[in-house]
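Asks: The structure that follows is given in the form of structure tokens.
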Amino acid sequence: MGSIFGALRIVDVLDIAIVAGLLWVLIAWVREARARIALGGVFAIAMLFWTAEWLDLRLTTTLLQGFIAVAALVLVVVFQDDLRRLFESITVLVIRNASPRPTTDLLDELAELSFSLAHRRIGALFVLPGREPLDRLLEGGFFLDGRVSDPLLRSLVDPGTPGHDGAIVIRGGKVMRFGVHLPLSTEWSEIGGSGTRHAAALGLAERSDALCIVVSEERGEVSIAWRARLERVASAADLRARLEAFLRRTSHRRRESWLKGYLALSRERWREGIVAGCLATGFWLYSAPRESLDRGFKVVPVVIDNLPDGFRVASIDPPAIEIEFEGRARDLMMAPTGDFQIHVDADRMAAGQGSLTIDHHQVEHPPELRIVGLDPPQIRLELRPL
């Protein structure tokens, strides 16, 4: 184990870091994926396949290879919504997309309005988009693009209006759409005995980073759906605090830096990061000793050392020798050209010309590569007086 880590190079550290980052994203996605139980079954089949391969169970390995090929196609269909959200999240993380931040007065107004409607037993569903796009998840409704105000929101949730049963989408300080239909959740353990509004709010929270405020007309309660969780809110002050926490994640001020945002995300997901780092290191330890060797040719120049005083090199034939090396493919590809030289000591050679045989110890090369052959194995050197 010590010898393996002793051979660790900068490119290996970069390799582990990239894999750890990808695993970090994958683990976070699995935790939020709606069909994560199915992913557990896939992981169990993969572990069985690796065990069968290690024990050289040929019949089991052959059978599982065909099963995994079919399962890969099935997974794309089963997780198409989750996979789409994963790629959208990666894009949003790179471009740092953010929602416009509502004013403080608007947040206070929305919190007070929600509990006022709950007290009067008027149902409502408000949607505050996050960084992820929602267009593919919203159906129907009416476009408004009107400035948010208490009278406007009360008129939209009035039981006599056509958009009363739908959701109201608030982005920044404007009502973008109302009467919108949202995807319904099937997580009955979260929904409990709540109605369609709660199922719609949770369904959107499962598929995006949006926050939904649900006002129940049957119970006179206010709940929020966020990050695939549905929770009851006790007071307007509590709701105001939840909205503020949500906006800190999804909106930004110009003075905030990328590094600050990424550090905040790292603090929140540090457990997934540790697991990803351990897995990436384990994969590297598993693959590094087993990496197959490859062969490749390098044209190595001849360098004359210890030239006698009063002489000059008239000719070197050939001036470079093609040498075959053996090593890992990445070592062969990434080795700098300047690290390869053939050193010939001319101090023992008198004036005139002669043939010199090249030994392996005369070839300067990266230590992780091994010389397999030289072509030609000799050079002809001619020295003349100045």
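Chain lettering (A, B, ...) mirrors the order of the structure tokens, residue numbering begins at 1 for each chain separately, and ligand numbering begins at 1 in order of display.
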Fewer than 5 positions away in the same chain doesn't count, so skip those; otherwise give me all residues within 8 Å of A:His198, counting only C-alpha atoms, as a ChimeraX atom specification.

Replies: /A:191,214,225,230

Asks: Neighbouring residues of stretch 301-315 of chain A were defined as those with any atom within 7 Å, considering only C-alpha atoms; residues of the same chain fewer than 3 positions away were excluded. Please report them as a list of chain:residue names.

Replies: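 Neighbouring residues, sequence-local ones excluded: A:Pro319, A:Ala320, A:Ile321, A:Gln341, A:Ile342, A:His343, A:Val344, A:Asp345, A:Ala346, A:Asp347, A:Leu381, A:Glu382, A:Leu383, A:Arg384, A:Pro385, A:Leu386.
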
Asks: Save the residues we just selected, C-alpha atoms, as a tab-separated table (two decimals), in the first residue's frame?

Replies:
chain	number	residue	atom	x	y	z
A	319	PRO	CA	21.37	11.83	-34.80
A	320	ALA	CA	18.43	10.14	-33.02
A	321	ILE	CA	17.44	6.56	-32.24
A	341	GLN	CA	18.05	11.77	-24.23
A	342	ILE	CA	20.88	9.39	-25.17
A	343	HIS	CA	24.20	10.40	-23.57
A	344	VAL	CA	27.40	9.38	-25.39
A	345	ASP	CA	30.74	9.94	-23.72
A	346	ALA	CA	33.21	11.14	-26.41
A	347	ASP	CA	36.17	11.54	-24.05
A	381	LEU	CA	30.38	9.32	-34.53
A	382	GLU	CA	33.02	11.43	-36.30
A	383	LEU	CA	35.27	13.94	-34.47
A	384	ARG	CA	37.59	16.42	-36.12
A	385	PRO	CA	40.16	18.90	-34.79
A	386	LEU	CA	39.07	22.53	-34.63

Asks: Figure out the distance between atom CA of A:Thr196 and atom CA of A:Gly173, please, to one decimal in Å.

Replies: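 According to the coordinates, atom CA of A:Gly173 and atom CA of A:Thr196 are separated by 26.7 Å.
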
Asks: Fewer than 2 positions away in the same chain doesn't count, so skip those; otherwise give me all residues within 7 Å of A:Gly130, counting only C-alpha atoms, as a list in words.

Replies: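 Non-adjacent residues within range: Ser99, Leu128, Glu132, Asp209, Ala210 and Thr250 of chain A.
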
Asks: Would you mind telling me which residue in A:Asp108, A:Glu190, A:Asp165, A:Arg248 lies nearest to A:Arg232 when using only C-alpha atoms?

Replies: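 The shortest atom-to-atom distance to A:Arg232 comes from A:Glu190.
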
Asks: Please determine, counting only C-alpha atoms, which residue among A:Leu247, A:Leu117, A:Val180, A:Cys278 has the shortest atom-to-atom distance to A:Gly140.

Replies: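 So, comparing all the options, the nearest one is A:Val180.
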
Asks: What does the structure give for the distance between atom CA of A:Phe178 and atom CA of A:Phe142, in Å to one decimal?

Replies: 5.4 Å

Asks: Counting only C-alpha atoms, figure out which residue out of A:Pro366, A:Gly354, A:Pro129, A:Pro318 gets nearest to A:Asp339.

Replies: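 Ranking A:Pro366, A:Gly354, A:Pro129, A:Pro318 by distance to A:Asp339, first place goes to A:Pro366.
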
Asks: Can you tell me which residues surround A:Ile358 at a distance of at most 8 Å, considering only C-alpha atoms, apart from same-chain residues fewer than 6 positions away, and format the answer as a list of chain:residue names?

Replies: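 Close residues of A:Ile358: A:Val344, A:Pro377, A:Gln378, A:Ile379.
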
Asks: Please, could you write that set of residues out with C-alpha atoms as a compact mmCIF listing (two decimals), in the first residue's frame?

Replies:
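Just written: again-v2.txt:
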# COMPACT_ATOMS: atom_id res chain seq x y z
CA VAL A 344 27.40 9.38 -25.39
CA PRO A 377 21.54 -0.14 -31.36
CA GLN A 378 24.68 1.65 -32.67
CA ILE A 379 25.65 5.11 -33.86

Asks: Under the rule that only C-alpha atoms are counted, which of A:Phe115, A:Trp270, A:Trp188, A:Phe340 is the nearest residue to A:Ser235?

Replies: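 Closest candidate: A:Phe115.
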
Asks: Can you tell me which residues surround A:Ile16 at a distance of at most 10 Å, considering only C-alpha atoms, apart from same-chain residues fewer than 3 positions away, and format the answer as a ChimeraX atom specification?

Replies: /A:10-13,19-22,276-284

Asks: Keeping N, CA and C atoms, export the residues of the selection given above as a PDB file, in the first residue's frame.

Replies:
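Output below, filename part-v1.pdb:
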ATOM      1  N   ILE A  10       0.768  14.028  -9.508  1.00  0.00           N
ATOM      2  CA  ILE A  10      -0.207  15.120  -9.560  1.00  0.00           C
ATOM      3  C   ILE A  10      -1.394  14.729 -10.429  1.00  0.00           C
ATOM      4  N   VAL A  11      -1.130  14.053 -11.566  1.00  0.00           N
ATOM      5  CA  VAL A  11      -2.229  13.652 -12.442  1.00  0.00           C
ATOM      6  C   VAL A  11      -3.133  12.629 -11.764  1.00  0.00           C
ATOM      7  N   ASP A  12      -2.556  11.792 -10.868  1.00  0.00           N
ATOM      8  CA  ASP A  12      -3.384  10.844 -10.128  1.00  0.00           C
ATOM      9  C   ASP A  12      -4.288  11.568  -9.131  1.00  0.00           C
ATOM     10  N   VAL A  13      -3.745  12.588  -8.473  1.00  0.00           N
ATOM     11  CA  VAL A  13      -4.556  13.390  -7.546  1.00  0.00           C
ATOM     12  C   VAL A  13      -5.687  14.070  -8.308  1.00  0.00           C
ATOM     13  N   VAL A  19     -13.086  12.226 -10.234  1.00  0.00           N
ATOM     14  CA  VAL A  19     -14.016  11.132  -9.941  1.00  0.00           C
ATOM     15  C   VAL A  19     -14.794  11.406  -8.656  1.00  0.00           C
ATOM     16  N   ALA A  20     -14.111  11.959  -7.642  1.00  0.00           N
ATOM     17  CA  ALA A  20     -14.792  12.286  -6.389  1.00  0.00           C
ATOM     18  C   ALA A  20     -15.879  13.329  -6.616  1.00  0.00           C
ATOM     19  N   GLY A  21     -15.585  14.329  -7.453  1.00  0.00           N
ATOM     20  CA  GLY A  21     -16.589  15.345  -7.753  1.00  0.00           C
ATOM     21  C   GLY A  21     -17.803  14.760  -8.446  1.00  0.00           C
ATOM     22  N   LEU A  22     -17.561  13.872  -9.412  1.00  0.00           N
ATOM     23  CA  LEU A  22     -18.683  13.231 -10.107  1.00  0.00           C
ATOM     24  C   LEU A  22     -19.491  12.347  -9.162  1.00  0.00           C
ATOM     25  N   ALA A 276     -17.841  10.334  -1.179  1.00  0.00           N
ATOM     26  CA  ALA A 276     -17.361  10.365  -2.562  1.00  0.00           C
ATOM     27  C   ALA A 276     -15.842  10.301  -2.616  1.00  0.00           C
ATOM     28  N   GLY A 277     -15.159  11.028  -1.727  1.00  0.00           N
ATOM     29  CA  GLY A 277     -13.697  10.993  -1.702  1.00  0.00           C
ATOM     30  C   GLY A 277     -13.157   9.611  -1.364  1.00  0.00           C
ATOM     31  N   CYS A 278     -13.782   8.944  -0.396  1.00  0.00           N
ATOM     32  CA  CYS A 278     -13.346   7.588  -0.030  1.00  0.00           C
ATOM     33  C   CYS A 278     -13.576   6.604  -1.177  1.00  0.00           C
ATOM     34  N   LEU A 279     -14.731   6.706  -1.825  1.00  0.00           N
ATOM     35  CA  LEU A 279     -15.013   5.809  -2.946  1.00  0.00           C
ATOM     36  C   LEU A 279     -14.042   6.036  -4.095  1.00  0.00           C
ATOM     37  N   ALA A 280     -13.763   7.311  -4.418  1.00  0.00           N
ATOM     38  CA  ALA A 280     -12.836   7.606  -5.513  1.00  0.00           C
ATOM     39  C   ALA A 280     -11.443   7.082  -5.214  1.00  0.00           C
ATOM     40  N   THR A 281     -10.995   7.246  -3.965  1.00  0.00           N
ATOM     41  CA  THR A 281      -9.676   6.715  -3.585  1.00  0.00           C
ATOM     42  C   THR A 281      -9.658   5.198  -3.671  1.00  0.00           C
ATOM     43  N   GLY A 282     -10.752   4.567  -3.234  1.00  0.00           N
ATOM     44  CA  GLY A 282     -10.827   3.108  -3.324  1.00  0.00           C
ATOM     45  C   GLY A 282     -10.801   2.609  -4.751  1.00  0.00           C
ATOM     46  N   PHE A 283     -11.522   3.299  -5.642  1.00  0.00           N
ATOM     47  CA  PHE A 283     -11.501   2.918  -7.055  1.00  0.00           C
ATOM     48  C   PHE A 283     -10.103   3.055  -7.636  1.00  0.00           C
ATOM     49  N   TRP A 284      -9.411   4.126  -7.230  1.00  0.00           N
ATOM     50  CA  TRP A 284      -8.053   4.323  -7.747  1.00  0.00           C
ATOM     51  C   TRP A 284      -7.115   3.226  -7.252  1.00  0.00           C
TER      52      TRP A 284
END

Asks: Enumerate as a count of residues only all residues of stretch 171-262 of chain A assigned to helix (DSSP H, G or I) by DSSP on the backbone, naming them with the chain letters and numbers the document uses.

Replies: 36

Asks: Just want the 9 Å neighbourhood of A:Asp375, counted on only C-alpha atoms, with same-chain residues fewer than 4 positions away dropped. Output as a CSV table (one decimal) with C-alpha atoms, in the first residue's frame.

Replies:
chain,number,residue,atom,x,y,z
A,321,ILE,CA,17.4,6.6,-32.2
A,322,GLU,CA,14.0,5.1,-32.2
A,323,ILE,CA,13.5,3.4,-28.8
A,324,GLU,CA,10.6,1.2,-27.7

Asks: Taking only C-alpha atoms into account, name the residue in A:Glu139, A:Asp150, A:Asp331, A:Glu364 that is nearest to A:Ala167.

Replies: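 Checking each of A:Glu139, A:Asp150, A:Asp331, A:Glu364 against A:Ala167, counting only C-alpha atoms, the winner is A:Glu139.
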
Asks: I'd like the neighbourhood of A:Val148 as number ranges by chain, where a residue qualifies if any of its atoms comes within 10 Å (using only C-alpha atoms), though same-chain residues fewer than 3 positions away should be ignored.

Replies: A: 102, 106, 109-110, 145, 151-153, 170-176

Asks: Can you write just those residues out, N, CA and C atoms, as a compact mmCIF listing (two decimals), in the first residue's frame?

Replies:
# COMPACT_ATOMS: atom_id res chain seq x y z
N PRO A 102 -37.08 38.85 -4.29
CA PRO A 102 -38.19 39.74 -3.95
C PRO A 102 -37.79 40.72 -2.85
N LEU A 106 -42.40 42.37 0.33
CA LEU A 106 -43.17 41.33 -0.36
C LEU A 106 -43.17 40.03 0.45
N GLU A 109 -45.47 40.43 3.32
CA GLU A 109 -46.85 40.45 2.82
C GLU A 109 -47.33 39.05 2.48
N LEU A 110 -46.47 38.28 1.85
CA LEU A 110 -46.84 36.92 1.45
C LEU A 110 -47.04 36.03 2.67
N ASP A 145 -47.86 38.38 -15.54
CA ASP A 145 -46.71 39.29 -15.44
C ASP A 145 -47.11 40.60 -14.75
N PRO A 151 -53.98 42.93 -2.77
CA PRO A 151 -55.26 42.83 -3.47
C PRO A 151 -55.22 41.90 -4.68
N LEU A 152 -54.09 41.90 -5.42
CA LEU A 152 -53.98 41.02 -6.59
C LEU A 152 -54.02 39.56 -6.17
N LEU A 153 -53.23 39.19 -5.17
CA LEU A 153 -53.19 37.80 -4.74
C LEU A 153 -54.54 37.36 -4.17
N ILE A 170 -44.84 33.02 -8.54
CA ILE A 170 -44.29 34.34 -8.20
C ILE A 170 -42.79 34.30 -8.41
N ARG A 171 -42.30 35.14 -9.30
CA ARG A 171 -40.87 35.21 -9.57
C ARG A 171 -40.41 36.65 -9.36
N GLY A 172 -39.51 36.82 -8.40
CA GLY A 172 -39.09 38.17 -8.07
C GLY A 172 -40.24 38.92 -7.44
N GLY A 173 -40.62 40.03 -8.00
CA GLY A 173 -41.72 40.82 -7.49
C GLY A 173 -42.95 40.77 -8.36
N LYS A 174 -43.07 39.75 -9.22
CA LYS A 174 -44.19 39.68 -10.15
C LYS A 174 -44.87 38.32 -10.12
N VAL A 175 -46.19 38.36 -10.38
CA VAL A 175 -46.96 37.13 -10.60
C VAL A 175 -46.84 36.79 -12.07
N MET A 176 -46.12 35.71 -12.38
CA MET A 176 -45.88 35.33 -13.77
C MET A 176 -47.08 34.59 -14.37

Asks: Find the distance between atom CA of A:Gly193 and atom CA of A:His181 and write it in Å to one decimal.

Replies: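 Separating atom CA of A:Gly193 from atom CA of A:His181 is a distance of 20.3 Å.
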